[in-house]
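Undergrad: The structure follows.
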Amino acid sequence: MSQKYSRRDFIKTGAAMGTASLMGQGRGLLAGIPRAAAASIGIMRVVSSGNGIRAVDKAMEILKNNGDPLDAVIAGVNIVEDDPNDMSVGYGGLPNEEGEVELDASVMYGPTHTSGAVAAIKNIKNPSKVAKLVMDRTNHCLLVGKGALKFALAHGFKKENLLTDKAREAWLRWKETLSDRDNWLPAQIKKLPEELQLLMMTHGTINCIAIDAQGRLAGVTTTSGLSWKLPGRVGDSPIIGAGLYVDNNIGAAGSTGLGEANIRTCASFQVVNFMGQGMSPEQACLKTLEKISEKAKLSPPSLKLLNAVGLPSFGLNFYALNKKGEFGAACMWSGSKYAVHDGQKSELKECAFLHKSKA
Ligand code: GLY
């Protein structure tokens, strides 16, 4: 996004682009297809966080082969869960303060309005697949910790060590910085590769939402959560209404970023509700961020949710898709991208933003 735009300009531009891209999509998709066949083809879209370009490609491939939209988005995020180089999700995710990787994930399926989730699960690379089994094979919505692991093992999942050498090294460096009143010598941060310096405190995640040609909506969110968290900490990703929400009559929304700020506002539910009131996906994401930004001002200073000028000190992103196939995303601070596949091609797009980051 060009930095000369104000937020208001952006909202207008985004809305216009959404309409234009829909029109363009319609022309492109239907070109050369006999009229009767064209009439039976619905809109297909997949939207994901900025780390989800491979996820949207995979999910769209499945949708184009008449696959189920929930299977499609799960297969998409599995690529990132399996990737040791994405240190915010699945295998290779950054561990908790004790050096153990604990994962959270949720899925939601619009046509049946059902969901499944696991939280603080250890040693299972693909928590999104276990979340789907919670939805399909139990009458529960959320399994946590040991119970979630037992359930996964009962279904044939194999225990794996999820802590890569790179994640372990980042954890050790973090541990060494904690105190000068222990027996760990100070971390030599400046001697670390730049990449590890950046890893000192992170919260990453992947969200992926889709609509298929029959108008079926589905979504998944999966994460290793906040790095160095207290053992047992559960973020927004496995909480339906926070990290993910789908209403098949309206749309779907998901989130990445600081989970605590999201949970307190039930924010993905809020995004979908705003779309239900007639807002575009992008407007709904921005309006939700506005509410979160306002509520953060009430927080006690000890939570450190505000920066020196009284604005949110944390990052939070929302991704949204409505029943018509219109999509959008917004972030608390400018500079994030999101991934989208519109049925013809995948690309990374700039998120709208509530506050402009310093250049
Ligand atoms: N959004 C990821 C987390 O805070 O756990």
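Chains: A, B, ... in order of the structure tokens. Residues: from 1 per chain. Ligands: from 1, in order shown.
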Check which residues of chain A sit at most 10 Å from ligand 1 using only C-alpha atoms and all ligand atoms, and return one row each with the closest pair of atoms and their distance in Å to one decimal, ordered by chain and rising number, as CSV.
TA:
residue,atom,partner,partner_atom_place_in_ligand_line,distance
A:Ser88,CA,ligand 1,2 (C),8.4
A:Val89,CA,ligand 1,2 (C),9.3
A:Leu103,CA,ligand 1,5 (O),8.7
A:Asp104,CA,ligand 1,5 (O),7.4
A:Ala105,CA,ligand 1,5 (O),9.4
A:Ala119,CA,ligand 1,5 (O),9.8
A:Thr202,CA,ligand 1,4 (O),9.0
A:His203,CA,ligand 1,2 (C),5.5
A:Gly204,CA,ligand 1,2 (C),5.7
A:Thr205,CA,ligand 1,2 (C),5.4
A:Ile206,CA,ligand 1,1 (N),8.4
A:Asn207,CA,ligand 1,1 (N),9.3
A:Thr221,CA,ligand 1,1 (N),8.7
A:Thr222,CA,ligand 1,2 (C),8.1
A:Thr223,CA,ligand 1,2 (C),6.0
A:Ser224,CA,ligand 1,5 (O),6.7
A:Gly225,CA,ligand 1,5 (O),3.3
A:Leu226,CA,ligand 1,5 (O),5.1
A:Ser227,CA,ligand 1,5 (O),8.6
A:Lys229,CA,ligand 1,5 (O),9.1
A:Arg233,CA,ligand 1,5 (O),8.3
A:Val234,CA,ligand 1,5 (O),6.5
A:Gly235,CA,ligand 1,5 (O),3.6
A:Asp236,CA,ligand 1,3 (C),5.4
A:Ser237,CA,ligand 1,1 (N),5.6
A:Pro238,CA,ligand 1,5 (O),8.5
A:Ile239,CA,ligand 1,5 (O),9.9
A:Ala242,CA,ligand 1,1 (N),9.2
A:Gly243,CA,ligand 1,1 (N),6.8
A:Gly254,CA,ligand 1,1 (N),9.7
A:Ser255,CA,ligand 1,1 (N),6.6
A:Thr256,CA,ligand 1,1 (N),4.4
A:Gly257,CA,ligand 1,1 (N),4.4
A:Leu258,CA,ligand 1,4 (O),4.3
A:Gly259,CA,ligand 1,4 (O),3.2
A:Glu260,CA,ligand 1,4 (O),6.3
A:Ala261,CA,ligand 1,4 (O),8.3
A:Asn262,CA,ligand 1,1 (N),8.0
A:Ile263,CA,ligand 1,4 (O),9.0
A:Gly315,CA,ligand 1,1 (N),9.6
A:Leu316,CA,ligand 1,1 (N),7.9
A:Asn317,CA,ligand 1,1 (N),9.0
Undergrad: Give me every strand (DSSP E) residue in region 210-269 of chain A, going by DSSP on the backbone, as a list in words.
TA: Ala210, Ile211, Leu217, Ala218, Gly219, Val220, Thr221, Thr222, Thr223, Ser224, Gly225, Leu226, Leu244, Tyr245, Val246, Asp247, Gly251, Ala252, Ala253, Gly254, Ser255, Thr256 and Gly257 of chain A
Undergrad: Pick out the closest residue to Ala55 (chain A) from this set: A:Thr112, A:Ser346, A:Leu298, A:His355. Count only C-alpha atoms.
TA: A:Ser346
Undergrad: Choose the residue, out of A:Glu347, A:Glu290, A:Glu98, A:Glu326, that has the smallest atom-to-atom separation from Asn51 (chain A); count only C-alpha atoms.
TA: A:Glu347
Undergrad: Would you give me, as a PyMOL selection string, the residues in region 87-145 of chain A that DSSP reads as helix (DSSP H, G or I)?
TA: chain A and resi 110-112+127-137+145
Undergrad: Fewer than 6 positions away in the same chain doesn't count, so skip those; otherwise give me all residues within 6 Å of region 327-329 of chain A, counting only C-alpha atoms, as a list of chain:residue names.
TA: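 So, after excluding close chain neighbours, the residues are A:Pro281, A:Glu282, A:Phe318, A:Tyr319, A:Ala320, A:Leu321, A:Cys351.
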Undergrad: Can I get the selected residues back with all heavy atoms, as a short mmCIF file (atom, residue, chain, number, x, y, z; two decimals), in the first residue's frame?
TA:
data_model
loop_
_atom_site.label_atom_id
_atom_site.label_comp_id
_atom_site.auth_asym_id
_atom_site.auth_seq_id
_atom_site.Cartn_x
_atom_site.Cartn_y
_atom_site.Cartn_z
N PRO A 281 -15.28 -6.88 4.04
CA PRO A 281 -14.32 -7.61 4.88
C PRO A 281 -13.23 -6.69 5.43
O PRO A 281 -12.90 -6.77 6.62
CB PRO A 281 -13.75 -8.67 3.92
CG PRO A 281 -14.88 -8.92 2.97
CD PRO A 281 -15.54 -7.59 2.76
N GLU A 282 -12.70 -5.82 4.60
CA GLU A 282 -11.63 -4.94 5.08
C GLU A 282 -12.13 -3.96 6.14
O GLU A 282 -11.48 -3.74 7.17
CB GLU A 282 -11.04 -4.18 3.90
CG GLU A 282 -9.85 -3.34 4.29
CD GLU A 282 -9.30 -2.58 3.11
OE1 GLU A 282 -8.75 -3.22 2.20
OE2 GLU A 282 -9.46 -1.34 3.10
N PHE A 318 -6.12 -9.29 11.03
CA PHE A 318 -7.34 -10.04 10.73
C PHE A 318 -7.47 -10.27 9.23
O PHE A 318 -7.10 -9.40 8.44
CB PHE A 318 -8.58 -9.31 11.26
CG PHE A 318 -8.61 -9.29 12.76
CD1 PHE A 318 -8.24 -8.16 13.46
CD2 PHE A 318 -8.94 -10.43 13.46
CE1 PHE A 318 -8.21 -8.16 14.83
CE2 PHE A 318 -8.91 -10.44 14.85
CZ PHE A 318 -8.56 -9.30 15.53
N TYR A 319 -8.02 -11.42 8.90
CA TYR A 319 -8.24 -11.81 7.50
C TYR A 319 -9.71 -12.18 7.38
O TYR A 319 -10.23 -12.89 8.26
CB TYR A 319 -7.37 -13.02 7.14
CG TYR A 319 -5.96 -12.85 7.68
CD1 TYR A 319 -5.61 -13.36 8.93
CD2 TYR A 319 -5.02 -12.11 6.98
CE1 TYR A 319 -4.35 -13.16 9.46
CE2 TYR A 319 -3.75 -11.89 7.50
CZ TYR A 319 -3.43 -12.42 8.74
OH TYR A 319 -2.18 -12.20 9.27
N ALA A 320 -10.39 -11.71 6.33
CA ALA A 320 -11.83 -11.95 6.26
C ALA A 320 -12.28 -12.21 4.83
O ALA A 320 -11.68 -11.70 3.87
CB ALA A 320 -12.58 -10.75 6.84
N LEU A 321 -13.33 -12.99 4.74
CA LEU A 321 -13.86 -13.42 3.44
C LEU A 321 -15.37 -13.50 3.62
O LEU A 321 -15.84 -14.09 4.59
CB LEU A 321 -13.28 -14.82 3.16
CG LEU A 321 -13.75 -15.63 1.98
CD1 LEU A 321 -13.37 -14.93 0.67
CD2 LEU A 321 -13.08 -17.02 2.03
N CYS A 351 -1.94 -5.53 3.66
CA CYS A 351 -3.08 -5.39 4.57
C CYS A 351 -3.38 -3.90 4.75
O CYS A 351 -2.45 -3.08 4.80
CB CYS A 351 -2.74 -5.95 5.94
SG CYS A 351 -2.46 -7.72 6.01
#
Undergrad: Tell me which protein, DNA and RNA residues are within 10 Å of Asp68 (chain A), counting only C-alpha atoms, leaving out same-chain ones fewer than 6 positions away, and put them as JSON, numbers by chain.
TA: {"A": [59, 62, 109, 210, 211, 212, 214, 216, 217, 218]}
